[in-house]
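Data from upload_14.cif: mmCIF, C-alpha atoms
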```cif
data_protein
loop_
_atom_site.label_atom_id
_atom_site.label_comp_id
_atom_site.auth_asym_id
_atom_site.auth_seq_id
_atom_site.Cartn_x
_atom_site.Cartn_y
_atom_site.Cartn_z
CA MET A 16 0.00 0.00 0.00
CA ALA A 17 1.40 3.38 -1.05
CA THR A 18 1.98 5.93 1.65
CA ALA A 19 1.59 9.65 1.05
CA ALA A 20 4.68 11.76 1.66
CA ALA A 21 4.77 15.53 1.76
CA ALA A 22 6.70 16.96 -1.19
CA THR A 23 8.69 20.16 -1.52
CA VAL A 24 6.72 22.60 -3.65
CA SER A 25 8.11 25.68 -5.41
CA ASP A 26 6.35 28.47 -7.29
CA PHE A 27 9.60 29.92 -8.65
CA TYR A 28 11.26 27.08 -10.56
CA TYR A 29 12.50 29.54 -13.21
CA GLY A 30 13.32 32.28 -10.73
CA ALA A 31 11.86 35.76 -11.19
CA VAL A 32 10.99 35.21 -14.86
CA THR A 33 7.52 33.76 -14.32
CA PRO A 34 6.29 36.12 -11.55
CA VAL A 35 7.47 39.20 -13.46
CA ALA A 36 5.92 38.01 -16.73
CA ALA A 37 2.71 37.09 -14.89
CA TYR A 38 2.54 40.54 -13.28
CA LEU A 39 3.02 42.27 -16.63
CA MET A 40 0.18 40.24 -18.16
CA ALA A 41 -2.11 41.17 -15.26
CA CYS A 42 -1.22 44.84 -15.75
CA LEU A 43 -1.80 44.66 -19.51
CA GLY A 44 -5.23 43.10 -19.09
CA ALA A 45 -6.18 45.66 -16.45
CA ALA A 46 -4.95 48.61 -18.53
CA LEU A 47 -6.88 47.47 -21.61
CA GLY A 48 -9.99 46.84 -19.53
CA LEU A 49 -9.85 50.33 -18.01
CA ARG A 50 -9.42 51.99 -21.39
CA CYS A 51 -12.27 49.96 -22.91
CA THR A 52 -14.58 50.94 -20.05
CA THR A 53 -13.64 54.59 -20.52
CA ARG A 54 -14.51 54.29 -24.22
CA SER A 55 -17.85 52.71 -23.33
CA LEU A 56 -18.78 55.75 -21.24
CA ARG A 57 -17.75 58.15 -24.01
CA ARG A 58 -19.62 56.21 -26.70
CA PRO A 59 -22.94 55.04 -25.24
CA GLN A 60 -24.16 53.79 -28.61
CA HIS A 61 -21.31 51.23 -28.57
CA ARG A 62 -21.25 50.67 -24.82
CA ALA A 63 -21.94 46.92 -24.92
CA ARG A 64 -19.14 46.32 -27.43
CA TRP A 65 -16.54 48.21 -25.42
CA LEU A 66 -17.64 46.61 -22.14
CA ALA A 67 -17.44 43.16 -23.73
CA LEU A 68 -13.94 43.87 -25.04
CA GLY A 69 -12.95 45.19 -21.62
CA ALA A 70 -14.25 42.06 -19.91
CA VAL A 71 -12.42 39.79 -22.34
CA SER A 72 -9.21 41.80 -21.87
CA ILE A 73 -9.31 41.68 -18.08
CA GLY A 74 -10.39 38.03 -18.03
CA CYS A 75 -7.63 36.97 -20.44
CA GLY A 76 -5.11 39.06 -18.51
CA ILE A 77 -5.99 37.37 -15.21
CA TRP A 78 -6.02 33.88 -16.74
CA THR A 79 -2.75 34.47 -18.59
CA MET A 80 -1.19 35.75 -15.37
CA HIS A 81 -2.27 32.57 -13.59
CA PHE A 82 -0.87 30.10 -16.10
CA ILE A 83 2.36 31.99 -16.75
CA ALA A 84 2.90 31.86 -13.00
CA MET A 85 2.04 28.14 -13.06
CA ILE A 86 4.93 27.49 -15.48
CA GLY A 87 7.13 28.13 -12.45
CA PHE A 88 5.19 25.65 -10.27
CA SER A 89 7.13 22.47 -9.54
CA VAL A 90 6.81 19.52 -7.18
CA GLU A 91 10.02 17.82 -6.09
CA GLY A 92 9.94 14.17 -7.05
CA ALA A 93 6.99 14.46 -9.42
CA LEU A 94 6.01 15.69 -12.84
CA VAL A 95 3.03 18.03 -13.20
CA ASN A 96 0.46 17.85 -16.01
CA TYR A 97 -2.81 19.66 -16.68
CA ASP A 98 -6.25 18.59 -17.84
CA ALA A 99 -6.93 20.59 -21.01
CA THR A 100 -10.71 20.72 -20.53
CA LYS A 101 -10.53 22.16 -17.01
CA THR A 102 -7.80 24.55 -18.09
CA LEU A 103 -9.95 25.99 -20.88
CA LEU A 104 -13.01 25.99 -18.63
CA SER A 105 -11.13 28.16 -16.14
CA LEU A 106 -10.53 30.68 -18.96
CA ALA A 107 -14.26 30.78 -19.74
CA VAL A 108 -15.03 31.29 -16.04
CA ALA A 109 -12.55 34.17 -15.82
CA ILE A 110 -14.08 36.02 -18.78
CA ALA A 111 -17.69 35.33 -17.72
CA VAL A 112 -17.36 36.58 -14.14
CA VAL A 113 -15.43 39.68 -15.17
CA ALA A 114 -18.15 40.40 -17.75
CA VAL A 115 -20.80 40.24 -15.02
CA GLY A 116 -18.97 42.82 -12.94
CA VAL A 117 -18.06 45.10 -15.84
CA PHE A 118 -21.58 45.16 -17.26
CA LEU A 119 -23.09 45.79 -13.83
CA VAL A 120 -21.02 48.90 -13.23
CA GLY A 121 -21.11 49.88 -16.90
CA TYR A 122 -24.91 50.05 -17.01
CA ARG A 123 -25.92 50.59 -13.40
CA GLY A 124 -23.16 52.94 -12.27
CA GLY A 125 -20.61 52.90 -9.49
CA SER A 126 -22.74 53.26 -6.37
CA PRO A 127 -21.29 51.60 -3.23
CA LEU A 128 -23.99 48.91 -3.23
CA ASN A 129 -23.55 48.11 -6.92
CA LEU A 130 -19.76 48.06 -6.60
CA GLY A 131 -20.03 45.77 -3.58
CA VAL A 132 -22.25 43.28 -5.39
CA ALA A 133 -20.26 43.39 -8.64
CA GLY A 134 -16.95 43.18 -6.80
CA ALA A 135 -18.07 40.21 -4.71
CA VAL A 136 -19.37 38.29 -7.73
CA THR A 137 -16.27 39.04 -9.79
CA GLY A 138 -13.86 38.34 -6.94
CA LEU A 139 -15.47 35.00 -6.12
CA GLY A 140 -15.38 34.15 -9.82
CA VAL A 141 -11.68 35.00 -10.09
CA ALA A 142 -10.99 32.80 -7.07
CA ALA A 143 -13.08 30.05 -8.70
CA MET A 144 -10.98 30.42 -11.86
CA HIS A 145 -7.79 30.05 -9.81
CA TYR A 146 -8.88 26.94 -7.95
CA LEU A 147 -10.46 25.41 -11.04
CA GLY A 148 -7.10 25.87 -12.75
CA MET A 149 -5.47 24.17 -9.76
CA ALA A 150 -8.00 21.32 -10.01
CA ALA A 151 -6.70 20.72 -13.55
CA ILE A 152 -3.34 19.64 -12.13
CA HIS A 153 -2.43 15.97 -12.45
CA THR A 154 0.51 14.73 -10.40
CA ASN A 155 1.61 11.68 -8.42
CA GLY A 156 -0.40 12.49 -5.33
CA THR A 157 -3.02 14.85 -3.96
CA LEU A 158 -3.14 18.59 -3.40
CA HIS A 159 -4.16 19.92 0.01
CA TYR A 160 -5.10 23.50 0.92
CA ASP A 161 -4.78 25.48 4.13
CA PRO A 162 -8.31 26.87 4.73
CA VAL A 163 -7.15 30.13 6.34
CA THR A 164 -4.81 30.98 3.46
CA VAL A 165 -7.49 30.05 0.93
CA ALA A 166 -9.93 32.39 2.67
CA LEU A 167 -7.30 35.15 2.60
CA SER A 168 -6.76 34.65 -1.13
CA ILE A 169 -10.52 34.90 -1.75
CA ALA A 170 -10.70 38.11 0.30
CA ILE A 171 -7.84 39.57 -1.75
CA ALA A 172 -9.63 38.56 -4.98
CA ILE A 173 -12.83 40.33 -3.89
CA ALA A 174 -10.95 43.45 -2.81
CA ALA A 175 -8.95 43.51 -6.06
CA ALA A 176 -12.07 43.02 -8.17
CA THR A 177 -13.96 45.77 -6.34
CA ALA A 178 -11.03 48.18 -6.71
CA ALA A 179 -10.73 47.33 -10.41
CA LEU A 180 -14.42 47.97 -11.06
CA TRP A 181 -14.29 51.23 -9.11
CA ALA A 182 -11.30 52.34 -11.18
CA ALA A 183 -13.09 51.35 -14.38
CA VAL A 184 -15.92 53.84 -13.81
CA SER A 185 -14.01 56.48 -11.84
CA ILE A 186 -10.57 56.88 -13.42
CA HIS A 187 -10.45 58.07 -17.01
CA ALA A 188 -7.22 60.07 -17.40
CA LEU A 189 -4.55 58.13 -19.28
CA TRP A 190 -1.74 58.26 -16.73
CA ALA A 191 -4.07 57.73 -13.79
CA SER A 192 -5.55 54.60 -15.39
CA LEU A 193 -2.09 53.27 -16.21
CA GLY A 194 -1.09 53.79 -12.59
CA ALA A 195 -4.26 52.05 -11.46
CA SER A 196 -3.48 49.09 -13.71
CA LEU A 197 -0.06 48.70 -12.07
CA VAL A 198 -1.70 48.59 -8.64
CA MET A 199 -4.35 46.16 -9.87
CA GLY A 200 -1.58 43.94 -11.27
CA VAL A 201 -0.03 43.76 -7.81
CA ALA A 202 -3.40 42.83 -6.27
CA VAL A 203 -4.24 40.14 -8.82
CA THR A 204 -0.77 38.60 -8.77
CA GLY A 205 -0.75 38.79 -4.98
CA MET A 206 -4.02 36.88 -4.91
CA HIS A 207 -2.48 34.15 -7.06
CA TYR A 208 0.62 33.67 -4.94
CA THR A 209 -1.41 33.85 -1.73
CA GLY A 210 -3.54 31.02 -3.09
CA MET A 211 -0.41 29.09 -4.03
CA ALA A 212 0.94 29.52 -0.49
CA ALA A 213 -2.06 27.46 0.68
CA VAL A 214 -0.99 24.46 -1.40
CA SER A 215 0.79 21.38 -0.16
CA VAL A 216 1.30 18.19 -2.15
CA HIS A 217 1.36 14.69 -0.70
CA LEU A 218 2.86 12.15 -3.08
CA THR A 219 1.68 8.55 -3.19
CA ASN A 220 4.56 7.45 -5.40
CA VAL A 221 7.69 9.18 -6.64
CA ALA A 222 8.19 9.87 -10.33
CA GLY A 223 11.95 10.18 -9.96
CA SER A 224 12.16 13.72 -11.32
CA SER A 225 11.83 17.12 -9.75
CA GLN A 226 12.11 19.05 -13.00
CA SER A 227 9.20 20.48 -14.97
CA SER A 228 8.98 18.61 -18.27
CA ALA A 229 9.38 20.27 -21.65
CA ASP A 230 5.99 18.84 -22.61
CA LEU A 231 4.36 20.70 -19.72
CA VAL A 232 5.88 24.03 -20.71
CA ALA A 233 4.93 23.41 -24.35
CA PHE A 234 1.34 22.61 -23.33
CA LEU A 235 1.00 25.79 -21.26
CA LEU A 236 2.51 27.91 -24.02
CA VAL A 237 -0.02 26.50 -26.49
CA MET A 238 -2.83 27.24 -24.01
CA LEU A 239 -1.50 30.78 -23.57
CA ALA A 240 -1.24 31.50 -27.30
CA GLY A 241 -4.96 32.21 -27.77
CA PRO A 242 -5.43 34.63 -24.84
CA LEU A 243 -2.17 36.41 -25.70
CA LEU A 244 -3.41 36.91 -29.26
CA VAL A 245 -6.71 38.26 -27.92
CA LEU A 246 -4.82 40.75 -25.72
CA LEU A 247 -2.75 41.83 -28.72
CA VAL A 248 -5.86 42.39 -30.85
CA ALA A 249 -7.53 44.29 -28.00
CA ALA A 250 -4.47 46.52 -27.66
CA VAL A 251 -4.54 47.30 -31.39
CA ILE A 252 -8.27 48.11 -31.24
CA VAL A 253 -7.82 50.43 -28.26
CA MET A 254 -4.79 52.22 -29.65
CA PHE A 255 -6.14 52.57 -33.19
CA ASP A 256 -9.81 53.15 -32.47
CA PRO A 257 -11.34 54.45 -35.74
CA ASP A 258 -13.53 56.89 -33.80
CA MET A 259 -10.38 58.73 -32.76
CA MET A 260 -9.76 59.63 -36.40
CA LEU A 261 -12.79 61.93 -36.35
CA GLY A 262 -12.45 65.59 -35.49
CA ASP A 263 -14.13 66.94 -32.38
CA THR A 264 -17.05 68.47 -34.26
CA GLU A 265 -17.71 65.48 -36.47
CA ALA A 266 -17.32 63.01 -33.61
CA GLN A 267 -19.71 64.95 -31.38
CA ALA A 268 -22.26 65.23 -34.17
CA SER A 269 -22.16 61.49 -34.74
CA GLU A 270 -22.70 60.59 -31.07
CA PRO A 271 -26.23 60.47 -29.65
CA GLU A 272 -27.03 61.37 -26.08
CA PRO A 273 -26.10 58.74 -23.45
CA ALA A 274 -28.50 55.79 -23.49
CA PRO A 275 -31.12 55.90 -20.72
CA LEU A 276 -31.26 53.17 -18.09
CA PHE A 277 -34.64 51.40 -17.93
CA GLY A 278 -36.36 54.40 -19.47
CA GLY A 279 -35.02 56.87 -16.91
CA ASP A 280 -32.13 59.28 -16.81
CA SER A 281 -28.76 58.31 -18.16
CA VAL A 282 -26.53 56.41 -15.77
CA PHE A 283 -23.67 58.77 -16.56
CA PRO A 284 -23.80 62.52 -17.24
CA ALA A 285 -23.50 63.74 -20.79
CA ARG A 286 -19.93 63.98 -22.00
CA GLU A 287 -18.32 67.40 -21.85
CA PRO A 288 -17.83 69.07 -25.27
CA SER A 289 -14.05 69.09 -25.02
CA ARG A 290 -12.08 65.88 -25.19
CA THR A 291 -8.52 64.76 -25.66
CA HIS A 292 -7.06 63.43 -28.89
CA THR A 293 -5.05 60.80 -27.01
CA SER A 294 -5.89 57.38 -28.43
CA TRP A 295 -5.38 55.64 -25.10
#
```
Take the structure from the file and write it as structure tokens.
Amino acid sequence: MATAAAATVSDFYYGAVTPVAAYLMACLGAALGLRCTTRSLRRPQHRARWLALGAVSIGCGIWTMHFIAMIGFSVEGALVNYDATKTLLSLAVAIAVVAVGVFLVGYRGGSPLNLGVAGAVTGLGVAAMHYLGMAAIHTNGTLHYDPVTVALSIAIAIAAATAALWAAVSIHALWASLGASLVMGVAVTGMHYTGMAAVSVHLTNVAGSSQSSADLVAFLLVMLAGPLLVLLVAAVIVMFDPDMMLGDTEAQASEPEPAPLFGGDSVFPAREPSRTHTSW
């Protein structure tokens, strides 16, 4: 009968490369999401499109952050593999829950109650994405989690999601939103590594290798290719938005008044006549 033995687990097999790359991906997704939300408020007639692109950008950024960081995850004495179906399902969960939060604040505004509800739903969904991604792991043993650290990671996810949604509807200046995305990157990456700190692995048999296999890295890179391409396309759309090619007078003439919410007043006040030419 096999006996379970605690294994040495590391999240930094490749040193600082994976955490830094993961952080940058989280920042990129957050920055694109903030700019898309800003565009949605300036162009009410295309609000749903911009909010959807923002949700996809943030969701892909968070998911990409997670699995780039997981490239550095290793278990001494075992090889790690991932279930492709659960891995892709975690991506769908990330995009879906971010969309719920973004559309809530995009159409209902940034009141404390609405932010609280949207932030809680999104934060719980991000945590679900993380732990679903962890459930995709196949190794020679079982994963165990410290409940207190798991609860802390979920609290961080909710706080980060709430702050991100607040920033999405409150911060519109270019440099301020870029600064906010850097802070959000810290929060999202911090949530990931807090969740990873809760993990311990008990091996039932030893594989005889403590090194991550080339096949594993290749698999994760293939999984990451799609979301990275989506982020690239989103960046091109944001930076080269065709509406920005219009002059102030023509652009204002082509934009209707902000769409009303449920037949009432607009959620957001009418845009001021003056606006910047900055694409971002």
Distance in Å - atom CA of A:Leu236 versus atom CA of A:Val253: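 Here the two named atoms are 25.1 Å from each other.
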My list of candidates is A:Ala135, A:Thr33, A:Ala142, A:Gly76. Which is closest to A:Ala45 when distances are computed with all atoms listed in the file? A:Gly76
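Using the PyMOL selection byres ((chain A and resi 151) around 7) on the file at hand returns these residues: A:Tyr97, A:Asp98, A:Lys101, A:Thr102, A:Leu147, A:Gly148, A:Met149, A:Ala150, A:Ile152, A:His153.
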Looking at all atoms listed in the file, which of A:Leu235, A:Val245, A:Ala240, A:Leu49 is the one that sits closest to A:Phe88? A:Leu235
Report the residues retrieved by the PyMOL selection byres ((chain A and resi 53) around 10) from the displayed file, expressed as JSON, numbers by chain. {"A": [47, 48, 49, 50, 51, 52, 54, 55, 56, 57, 58, 62, 65, 66, 69, 121, 182, 183, 184, 185, 186, 187, 188, 189, 192, 295]}
Coordinates of stretch 54-167 of chain A, C-alpha atoms, as a compact mmCIF listing (two decimals), in the first residue's frame:
```
# COMPACT_ATOMS: atom_id res chain seq x y z
CA ARG A 54 -14.51 54.29 -24.22
CA SER A 55 -17.85 52.71 -23.33
CA LEU A 56 -18.78 55.75 -21.24
CA ARG A 57 -17.75 58.15 -24.01
CA ARG A 58 -19.62 56.21 -26.70
CA PRO A 59 -22.94 55.04 -25.24
CA GLN A 60 -24.16 53.79 -28.61
CA HIS A 61 -21.31 51.23 -28.57
CA ARG A 62 -21.25 50.67 -24.82
CA ALA A 63 -21.94 46.92 -24.92
CA ARG A 64 -19.14 46.32 -27.43
CA TRP A 65 -16.54 48.21 -25.42
CA LEU A 66 -17.64 46.61 -22.14
CA ALA A 67 -17.44 43.16 -23.73
CA LEU A 68 -13.94 43.87 -25.04
CA GLY A 69 -12.95 45.19 -21.62
CA ALA A 70 -14.25 42.06 -19.91
CA VAL A 71 -12.42 39.79 -22.34
CA SER A 72 -9.21 41.80 -21.87
CA ILE A 73 -9.31 41.68 -18.08
CA GLY A 74 -10.39 38.03 -18.03
CA CYS A 75 -7.63 36.97 -20.44
CA GLY A 76 -5.11 39.06 -18.51
CA ILE A 77 -5.99 37.37 -15.21
CA TRP A 78 -6.02 33.88 -16.74
CA THR A 79 -2.75 34.47 -18.59
CA MET A 80 -1.19 35.75 -15.37
CA HIS A 81 -2.27 32.57 -13.59
CA PHE A 82 -0.87 30.10 -16.10
CA ILE A 83 2.36 31.99 -16.75
CA ALA A 84 2.90 31.86 -13.00
CA MET A 85 2.04 28.14 -13.06
CA ILE A 86 4.93 27.49 -15.48
CA GLY A 87 7.13 28.13 -12.45
CA PHE A 88 5.19 25.65 -10.27
CA SER A 89 7.13 22.47 -9.54
CA VAL A 90 6.81 19.52 -7.18
CA GLU A 91 10.02 17.82 -6.09
CA GLY A 92 9.94 14.17 -7.05
CA ALA A 93 6.99 14.46 -9.42
CA LEU A 94 6.01 15.69 -12.84
CA VAL A 95 3.03 18.03 -13.20
CA ASN A 96 0.46 17.85 -16.01
CA TYR A 97 -2.81 19.66 -16.68
CA ASP A 98 -6.25 18.59 -17.84
CA ALA A 99 -6.93 20.59 -21.01
CA THR A 100 -10.71 20.72 -20.53
CA LYS A 101 -10.53 22.16 -17.01
CA THR A 102 -7.80 24.55 -18.09
CA LEU A 103 -9.95 25.99 -20.88
CA LEU A 104 -13.01 25.99 -18.63
CA SER A 105 -11.13 28.16 -16.14
CA LEU A 106 -10.53 30.68 -18.96
CA ALA A 107 -14.26 30.78 -19.74
CA VAL A 108 -15.03 31.29 -16.04
CA ALA A 109 -12.55 34.17 -15.82
CA ILE A 110 -14.08 36.02 -18.78
CA ALA A 111 -17.69 35.33 -17.72
CA VAL A 112 -17.36 36.58 -14.14
CA VAL A 113 -15.43 39.68 -15.17
CA ALA A 114 -18.15 40.40 -17.75
CA VAL A 115 -20.80 40.24 -15.02
CA GLY A 116 -18.97 42.82 -12.94
CA VAL A 117 -18.06 45.10 -15.84
CA PHE A 118 -21.58 45.16 -17.26
CA LEU A 119 -23.09 45.79 -13.83
CA VAL A 120 -21.02 48.90 -13.23
CA GLY A 121 -21.11 49.88 -16.90
CA TYR A 122 -24.91 50.05 -17.01
CA ARG A 123 -25.92 50.59 -13.40
CA GLY A 124 -23.16 52.94 -12.27
CA GLY A 125 -20.61 52.90 -9.49
CA SER A 126 -22.74 53.26 -6.37
CA PRO A 127 -21.29 51.60 -3.23
CA LEU A 128 -23.99 48.91 -3.23
CA ASN A 129 -23.55 48.11 -6.92
CA LEU A 130 -19.76 48.06 -6.60
CA GLY A 131 -20.03 45.77 -3.58
CA VAL A 132 -22.25 43.28 -5.39
CA ALA A 133 -20.26 43.39 -8.64
CA GLY A 134 -16.95 43.18 -6.80
CA ALA A 135 -18.07 40.21 -4.71
CA VAL A 136 -19.37 38.29 -7.73
CA THR A 137 -16.27 39.04 -9.79
CA GLY A 138 -13.86 38.34 -6.94
CA LEU A 139 -15.47 35.00 -6.12
CA GLY A 140 -15.38 34.15 -9.82
CA VAL A 141 -11.68 35.00 -10.09
CA ALA A 142 -10.99 32.80 -7.07
CA ALA A 143 -13.08 30.05 -8.70
CA MET A 144 -10.98 30.42 -11.86
CA HIS A 145 -7.79 30.05 -9.81
CA TYR A 146 -8.88 26.94 -7.95
CA LEU A 147 -10.46 25.41 -11.04
CA GLY A 148 -7.10 25.87 -12.75
CA MET A 149 -5.47 24.17 -9.76
CA ALA A 150 -8.00 21.32 -10.01
CA ALA A 151 -6.70 20.72 -13.55
CA ILE A 152 -3.34 19.64 -12.13
CA HIS A 153 -2.43 15.97 -12.45
CA THR A 154 0.51 14.73 -10.40
CA ASN A 155 1.61 11.68 -8.42
CA GLY A 156 -0.40 12.49 -5.33
CA THR A 157 -3.02 14.85 -3.96
CA LEU A 158 -3.14 18.59 -3.40
CA HIS A 159 -4.16 19.92 0.01
CA TYR A 160 -5.10 23.50 0.92
CA ASP A 161 -4.78 25.48 4.13
CA PRO A 162 -8.31 26.87 4.73
CA VAL A 163 -7.15 30.13 6.34
CA THR A 164 -4.81 30.98 3.46
CA VAL A 165 -7.49 30.05 0.93
CA ALA A 166 -9.93 32.39 2.67
CA LEU A 167 -7.30 35.15 2.60
```
